[in-house]
Structures are given as C-alpha cells and as structure tokens.
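*Asks:* Before anything else, here's the structure in question.
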Amino acid sequence: ESSQHRTVSAQFSKHAIALSHPLALYNSSTDFPVIKATTMWVLTITTIQPQSWLRYAVLVIAFCAISTILWDEGISTAGGGLEERDLTVLDDPPLLHGTSAIHAIVTGLEHSGTTIVGNVLFNAPCIIGAIETGFLLAETPADIGHITPWIDWQGTTCERRDLYYNLTHDEIDVMKKAKDIGEMIDILRKTSHLFNNLNDEAYCRKPFNMVDKTPRYIHPQYFEDVLAKTPGVPVIVVKKDFEPLKESWAQRDSNLTQEFYDDVFDNVEAMMTKYPGRITTIQYEDLKSEPATVMEGIFARLDLTWDPDYLNMSNLKRKFSDYDPATLELIDQWKFSSGKHSLGLEMVV
C-alpha cells in the first residue's frame, strides 16, 4: 500500500474497534480498486458514529476522494477509460487443476499421424502442449526420471526445447516431489514456458489448458492406466492401416507385427466399452484425404471452435511470435499436406 493509503487507514483506526480483519481484506485487494474503495466505505460507516450532519457530509466527501484515488490505480493512464484498463488483472488463472486441466489426450501407434493431430490442436485458443509429453507413463511423480526418452526431451538440452517443456533439473525435481499426478501437472503448468511465455492475447493472456500427445500411451500395458489417471479426459486415438504403418516402422528400423497391432486395437475397443464416451478413434487415411472435415469433427468432439486456417498453423505461429525465427520456421513446416508426414518427412503410402 502507498504511504497515503496507510495514513488514511491509520486515521480511521483511531475511531475503529477491532479493524484487523476488515483491513486485511482492504490490504489484500491491491488488484481490485472497487473492492478496496467499498471496503474502506464499510469500515467508515460501521465504525464511526456520526454525531452531526456535518461529520456525515465530511465522511461522504472522504469516501468519494478515497474511491477516486483507488479506482485510478486500476485505470490505464494512457486513456483513462474503463475499456483501456489493464486486462491482466481480470485474467485470473483457470479454475481447472490437476488432470482436469488436460483438455485432451492424443495417442496412437507411433508414426500413425498423432503429431499432426496434436499440432493442429495446439492452434486452439488457450491450449498448448509439447510435441510429445509422456509423463503419464510414470506410475508416480517420483518415477518421471525413469521414463526415457521423454524426460530427456523435456530438458533444457533438447535440440527442439522451445517446442517441448524445456525444464531445468531443479524444476523436474520439484515435479518429482508432487503428492500425485494431478499436482505434478499443476507444477508443470506453473513452470514451463509453454504455459507462461506464449502469446495468445486475442483469446486469453496465455494458454492454460493442455493437450497431451503421446503415442506410447496406446500400448496395452499403459492404456488403461492412463485412462484411470485422467478421469473424464477425452482421448483421440489415431489409427493407421497395418500395411502402410508397418512400412513406416520399417523405415525407422522397427518391426511392427500383425499380432501386436491387433492386440493394441482390440484393447482400445475393450477400453471404449469400459470407459464409454471417452475415446474417439479416427482413421489416418481419412485424415489424409479430408483433413479439414476430420479435424473439424475432432474440434467439435472437444468443444473447440474450428478454423480451417489451423491446418496452416496460423494461430500456433502467432502463439510463438516472440520466439526465434528458427522455431517459427519449424512450425511453418508443420502445415498440413496430404503428401507429407506431420514433421515434413515424405510419408510411405
């Protein structure tokens, strides 16, 4: 509080009885001048017994003066009108916490198109996430140091760290000490640059809800555990036909068997029965041929407003507008093209 306000409070306190609790409200309301002015007015009329109309008139004048001073604290000096007030004081943090702040999970067998789905979703207002997350693979927060390579990607030495969570060792250690997965997610959102440094001012001061894109979640040994850890969170599963997916894996020196492929999607069907209404499966081949139609359906499923220009990464580039040109150039390469993989590599079709 300014010395002027402390002086005013001191003068009133001469006549007041037990003002400590009301004054605590006054002193805690630094960002809300109306509350401050109203509190001071209540303090005045409830603790001073006017003995004359003259004293009452003086109190009214004092109230008006104090209200003017306090209200001016919240008005932009540039314009002086309410419409030019600093909106950051109105942009409170969201009410969602823990895993409830995960707006959606995107998963599917590796190289199925989950990256392009995640990247397009990152264009949605007030939503962001890393290229890949992986934290829900950990049994407890204390175990996140063992989920390789995901934990390495989230560190400060990752080549594409601006597009991951870019966490220091100390920040990861704090996450490990969280009491549960929900608290760990809260710490991540309070810590990572993705939730604090991006520019989303057309919609909110900064992105605050999360999309967790991690292909490995769909593996049968993890999938139900991920669903159980994130009650109510919608899950988008991207499914690619076996033969083209097998070729994509072979290009990366990996072997996909029909047996494993069938086990994965048999388990997905079982989880759709066990967790009704949570899992939506899209076919990669449909995404490739009708990207706008498929993505519009996903956005509708997640209660998000669709813009076809998101396929060009328009809003995601704006969110990263304060970052270095190399990061923006990489995001620009994510523009959807039916003949390319989501990271700009030619697809095997």
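Convention: chains lettered A, B, ... in structure tokens order; per-chain residue numbering from 1; ligands numbered from 1 as shown.
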Do you know which residues are at most 10 Å from Pro234 of chain A counting only C-alpha atoms, after dropping those on the same chain fewer than 5 positions away, and could you put them as a list in words?
*Replies:* Ile102, His103, Ala104, Ile105, Val106, Leu227, Gly277, Arg278, Ile279, Thr280, Arg301 and Leu302 of chain A
*Asks:* How would the residues just chosen look if you wrote them out with all heavy atoms as an mmCIF file, in the first residue's frame?
*Replies:*
```cif
data_model
loop_
_atom_site.group_PDB
_atom_site.id
_atom_site.type_symbol
_atom_site.label_atom_id
_atom_site.label_comp_id
_atom_site.auth_asym_id
_atom_site.auth_seq_id
_atom_site.Cartn_x
_atom_site.Cartn_y
_atom_site.Cartn_z
ATOM 1 N N ILE A 102 -6.070 -31.114 -18.401
ATOM 2 C CA ILE A 102 -5.717 -31.760 -19.666
ATOM 3 C C ILE A 102 -6.973 -31.763 -20.527
ATOM 4 O O ILE A 102 -7.943 -32.476 -20.235
ATOM 5 C CB ILE A 102 -5.192 -33.189 -19.460
ATOM 6 C CG1 ILE A 102 -3.980 -33.187 -18.532
ATOM 7 C CG2 ILE A 102 -4.835 -33.829 -20.803
ATOM 8 C CD1 ILE A 102 -3.453 -34.583 -18.204
ATOM 9 N N HIS A 103 -6.984 -30.960 -21.572
ATOM 10 C CA HIS A 103 -8.187 -30.845 -22.399
ATOM 11 C C HIS A 103 -8.414 -32.102 -23.231
ATOM 12 O O HIS A 103 -9.554 -32.470 -23.503
ATOM 13 C CB HIS A 103 -8.079 -29.624 -23.316
ATOM 14 C CG HIS A 103 -9.386 -29.182 -23.865
ATOM 15 N ND1 HIS A 103 -10.205 -28.291 -23.204
ATOM 16 C CD2 HIS A 103 -10.046 -29.527 -24.999
ATOM 17 C CE1 HIS A 103 -11.312 -28.089 -23.916
ATOM 18 N NE2 HIS A 103 -11.242 -28.836 -25.002
ATOM 19 N N ALA A 104 -7.321 -32.748 -23.630
ATOM 20 C CA ALA A 104 -7.447 -33.974 -24.420
ATOM 21 C C ALA A 104 -6.119 -34.709 -24.427
ATOM 22 O O ALA A 104 -5.050 -34.115 -24.227
ATOM 23 C CB ALA A 104 -7.870 -33.664 -25.858
ATOM 24 N N ILE A 105 -6.199 -35.994 -24.655
ATOM 25 C CA ILE A 105 -5.024 -36.841 -24.893
ATOM 26 C C ILE A 105 -5.097 -37.327 -26.331
ATOM 27 O O ILE A 105 -6.158 -37.739 -26.804
ATOM 28 C CB ILE A 105 -5.007 -38.038 -23.921
ATOM 29 C CG1 ILE A 105 -4.765 -37.556 -22.485
ATOM 30 C CG2 ILE A 105 -3.960 -39.072 -24.331
ATOM 31 C CD1 ILE A 105 -4.985 -38.620 -21.433
ATOM 32 N N VAL A 106 -3.961 -37.248 -27.038
ATOM 33 C CA VAL A 106 -3.871 -37.751 -28.413
ATOM 34 C C VAL A 106 -2.876 -38.897 -28.413
ATOM 35 O O VAL A 106 -1.724 -38.734 -27.983
ATOM 36 C CB VAL A 106 -3.419 -36.652 -29.391
ATOM 37 C CG1 VAL A 106 -3.263 -37.221 -30.798
ATOM 38 C CG2 VAL A 106 -4.411 -35.488 -29.389
ATOM 39 N N LEU A 227 -5.942 -43.949 -18.753
ATOM 40 C CA LEU A 227 -7.364 -43.598 -18.636
ATOM 41 C C LEU A 227 -7.770 -43.440 -17.170
ATOM 42 O O LEU A 227 -8.507 -42.523 -16.814
ATOM 43 C CB LEU A 227 -8.221 -44.659 -19.311
ATOM 44 C CG LEU A 227 -8.130 -44.740 -20.833
ATOM 45 C CD1 LEU A 227 -8.778 -46.029 -21.335
ATOM 46 C CD2 LEU A 227 -8.782 -43.537 -21.492
ATOM 47 N N GLY A 277 -17.826 -43.222 -23.970
ATOM 48 C CA GLY A 277 -17.886 -41.793 -24.260
ATOM 49 C C GLY A 277 -16.570 -41.053 -24.190
ATOM 50 O O GLY A 277 -16.507 -39.869 -24.525
ATOM 51 N N ARG A 278 -15.504 -41.724 -23.786
ATOM 52 C CA ARG A 278 -14.228 -41.022 -23.616
ATOM 53 C C ARG A 278 -13.309 -41.132 -24.821
ATOM 54 O O ARG A 278 -12.484 -40.241 -25.055
ATOM 55 C CB ARG A 278 -13.477 -41.545 -22.379
ATOM 56 C CG ARG A 278 -14.047 -41.063 -21.073
ATOM 57 C CD ARG A 278 -13.104 -41.371 -19.939
ATOM 58 N NE ARG A 278 -11.795 -40.748 -20.113
ATOM 59 C CZ ARG A 278 -10.760 -40.992 -19.327
ATOM 60 N NH1 ARG A 278 -10.861 -41.847 -18.323
ATOM 61 N NH2 ARG A 278 -9.605 -40.394 -19.540
ATOM 62 N N ILE A 279 -13.386 -42.209 -25.574
ATOM 63 C CA ILE A 279 -12.403 -42.491 -26.618
ATOM 64 C C ILE A 279 -13.040 -42.295 -27.991
ATOM 65 O O ILE A 279 -14.096 -42.862 -28.298
ATOM 66 C CB ILE A 279 -11.860 -43.930 -26.492
ATOM 67 C CG1 ILE A 279 -11.236 -44.134 -25.097
ATOM 68 C CG2 ILE A 279 -10.841 -44.227 -27.584
ATOM 69 C CD1 ILE A 279 -10.942 -45.589 -24.769
ATOM 70 N N THR A 280 -12.381 -41.502 -28.827
ATOM 71 C CA THR A 280 -12.801 -41.296 -30.212
ATOM 72 C C THR A 280 -11.680 -41.765 -31.121
ATOM 73 O O THR A 280 -10.533 -41.309 -30.995
ATOM 74 C CB THR A 280 -13.101 -39.816 -30.492
ATOM 75 O OG1 THR A 280 -14.140 -39.378 -29.607
ATOM 76 C CG2 THR A 280 -13.524 -39.604 -31.933
ATOM 77 N N ARG A 301 -15.816 -32.530 -31.146
ATOM 78 C CA ARG A 301 -15.815 -33.515 -30.058
ATOM 79 C C ARG A 301 -15.216 -32.934 -28.784
ATOM 80 O O ARG A 301 -15.638 -33.262 -27.670
ATOM 81 C CB ARG A 301 -15.023 -34.757 -30.511
ATOM 82 C CG ARG A 301 -14.671 -35.742 -29.409
ATOM 83 C CD ARG A 301 -15.897 -36.427 -28.845
ATOM 84 N NE ARG A 301 -15.553 -37.325 -27.765
ATOM 85 C CZ ARG A 301 -15.446 -36.965 -26.484
ATOM 86 N NH1 ARG A 301 -15.641 -35.708 -26.137
ATOM 87 N NH2 ARG A 301 -15.163 -37.861 -25.558
ATOM 88 N N LEU A 302 -14.233 -32.041 -28.934
ATOM 89 C CA LEU A 302 -13.547 -31.465 -27.779
ATOM 90 C C LEU A 302 -14.104 -30.104 -27.381
ATOM 91 O O LEU A 302 -13.494 -29.397 -26.565
ATOM 92 C CB LEU A 302 -12.043 -31.340 -28.082
ATOM 93 C CG LEU A 302 -11.330 -32.653 -28.418
ATOM 94 C CD1 LEU A 302 -9.867 -32.384 -28.756
ATOM 95 C CD2 LEU A 302 -11.433 -33.642 -27.249
#
```
*Asks:* What lies within 12 Å of segment 137-148 of chain A using only C-alpha atoms, ignoring chain neighbours under 6 positions off, as an MDAnalysis selection string?
*Replies:* chainID A and resid 154:155 169 171:188 212 214:230
*Asks:* Check the smallest atom-to-atom distance from each of A:Pro325, A:Asn267, A:Thr99, A:Leu287 to Pro231 of chain A using only C-alpha atoms, then report the winner.
*Replies:*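 Answer, going by the shortest atom-to-atom distance: A:Thr99.
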*Asks:* Between atom CA of Leu109 of chain A and atom CA of Phe320 of chain A, what is the distance in Å, rounded to a tenth?
*Replies:*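 Pair atom CA of Leu109 of chain A / atom CA of Phe320 of chain A returns 28.3 Å.
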*Asks:* Let's see if you can do this: from backbone DSSP, list all alpha helix (DSSP H) residues in segment 110-240 of chain A, as a VMD selection string.
*Replies:* chain A and resid 114 to 121 150 to 153 169 to 176 181 to 191 220 to 229
*Asks:* What's the 7 Å shell around Lys335 of chain A, counting only C-alpha atoms, without same-chain residues fewer than 2 positions away, as a list in words?
*Replies:*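 Skipping anything fewer than 2 positions along the chain leaves Leu311, Asn312, Met313, Asp332, Gln333 and Ser337 of chain A.
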*Asks:* Quick one: distance from atom CA of Leu330 of chain A to atom CA of Phe242 of chain A in Å, one decimal?
*Replies:*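 These atoms are spaced 29.3 Å apart.
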*Asks:* Counting only C-alpha atoms, which of A:Cys158, A:Leu96, A:Ala124, A:Leu198 gets nearest to Asn315 of chain A?
*Replies:*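 Closest to Asn315 of chain A of all the choices is A:Ala124.
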*Asks:* For atom CA of Asn123 of chain A and atom CA of Phe208 of chain A, quote the distance in Å rounded to one decimal.
*Replies:*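 About the pair atom CA of Asn123 of chain A and atom CA of Phe208 of chain A: they are 13.0 Å apart.
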*Asks:* Could you check which of A:Tyr261, A:Tyr284, A:Phe195, A:Tyr203 is closest to Thr114 of chain A, using only C-alpha atoms?
*Replies:* A:Tyr284
*Asks:* Can you work out which one of A:Ile298, A:Leu256, A:Ala326, A:Leu167 has the shortest atom-to-atom distance to His193 of chain A, counting only C-alpha atoms?
*Replies:*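 Looking only at the distances to His193 of chain A, the closest residue turns out to be A:Leu167.
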*Asks:* Pull the strand (DSSP E) assignments for segment 87-220 of chain A out of DSSP run on the backbone, and list those residues as a PyMOL selection string.
*Replies:* chain A and resi 102-107+127-128+209-213
*Asks:* Kindly save the residues from that selection, with N, CA, C and O atoms included, as a short mmCIF file (atom, residue, chain, number, x, y, z; two decimals), in the first residue's frame.
*Replies:*
```cif
data_model
loop_
_atom_site.label_atom_id
_atom_site.label_comp_id
_atom_site.auth_asym_id
_atom_site.auth_seq_id
_atom_site.Cartn_x
_atom_site.Cartn_y
_atom_site.Cartn_z
N ILE A 102 -6.07 -31.11 -18.40
CA ILE A 102 -5.72 -31.76 -19.67
C ILE A 102 -6.97 -31.76 -20.53
O ILE A 102 -7.94 -32.48 -20.23
N HIS A 103 -6.98 -30.96 -21.57
CA HIS A 103 -8.19 -30.85 -22.40
C HIS A 103 -8.41 -32.10 -23.23
O HIS A 103 -9.55 -32.47 -23.50
N ALA A 104 -7.32 -32.75 -23.63
CA ALA A 104 -7.45 -33.97 -24.42
C ALA A 104 -6.12 -34.71 -24.43
O ALA A 104 -5.05 -34.11 -24.23
N ILE A 105 -6.20 -35.99 -24.65
CA ILE A 105 -5.02 -36.84 -24.89
C ILE A 105 -5.10 -37.33 -26.33
O ILE A 105 -6.16 -37.74 -26.80
N VAL A 106 -3.96 -37.25 -27.04
CA VAL A 106 -3.87 -37.75 -28.41
C VAL A 106 -2.88 -38.90 -28.41
O VAL A 106 -1.72 -38.73 -27.98
N THR A 107 -3.31 -40.05 -28.89
CA THR A 107 -2.42 -41.21 -28.90
C THR A 107 -2.71 -42.07 -30.12
O THR A 107 -3.68 -41.84 -30.87
N ILE A 127 -4.91 -23.26 -25.44
CA ILE A 127 -4.48 -24.65 -25.32
C ILE A 127 -3.07 -24.79 -25.89
O ILE A 127 -2.74 -24.17 -26.90
N ILE A 128 -2.26 -25.63 -25.25
CA ILE A 128 -0.91 -25.87 -25.76
C ILE A 128 -0.42 -27.20 -25.19
O ILE A 128 -1.03 -27.78 -24.29
N ASN A 209 -4.63 -24.50 -20.67
CA ASN A 209 -5.04 -25.90 -20.70
C ASN A 209 -4.13 -26.68 -21.65
O ASN A 209 -3.53 -26.13 -22.55
N MET A 210 -4.10 -27.97 -21.47
CA MET A 210 -3.05 -28.80 -22.04
C MET A 210 -3.63 -29.89 -22.96
O MET A 210 -4.69 -30.46 -22.68
N VAL A 211 -2.94 -30.15 -24.05
CA VAL A 211 -3.16 -31.34 -24.85
C VAL A 211 -1.93 -32.22 -24.70
O VAL A 211 -0.80 -31.77 -24.95
N ASP A 212 -2.13 -33.43 -24.25
CA ASP A 212 -1.01 -34.38 -24.05
C ASP A 212 -1.02 -35.35 -25.22
O ASP A 212 -1.86 -36.23 -25.32
N LYS A 213 -0.04 -35.17 -26.11
CA LYS A 213 0.10 -36.06 -27.26
C LYS A 213 1.26 -37.02 -26.98
O LYS A 213 2.41 -36.59 -26.83
#
```
*Asks:* My list of candidates is A:Ser100, A:Thr305, A:Cys204, A:Phe336. Which is closest to Lys288 of chain A when distances are computed with only C-alpha atoms?
*Replies:*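 Of A:Ser100, A:Thr305, A:Cys204, A:Phe336, the one nearest Lys288 of chain A is A:Phe336, counting only C-alpha atoms.
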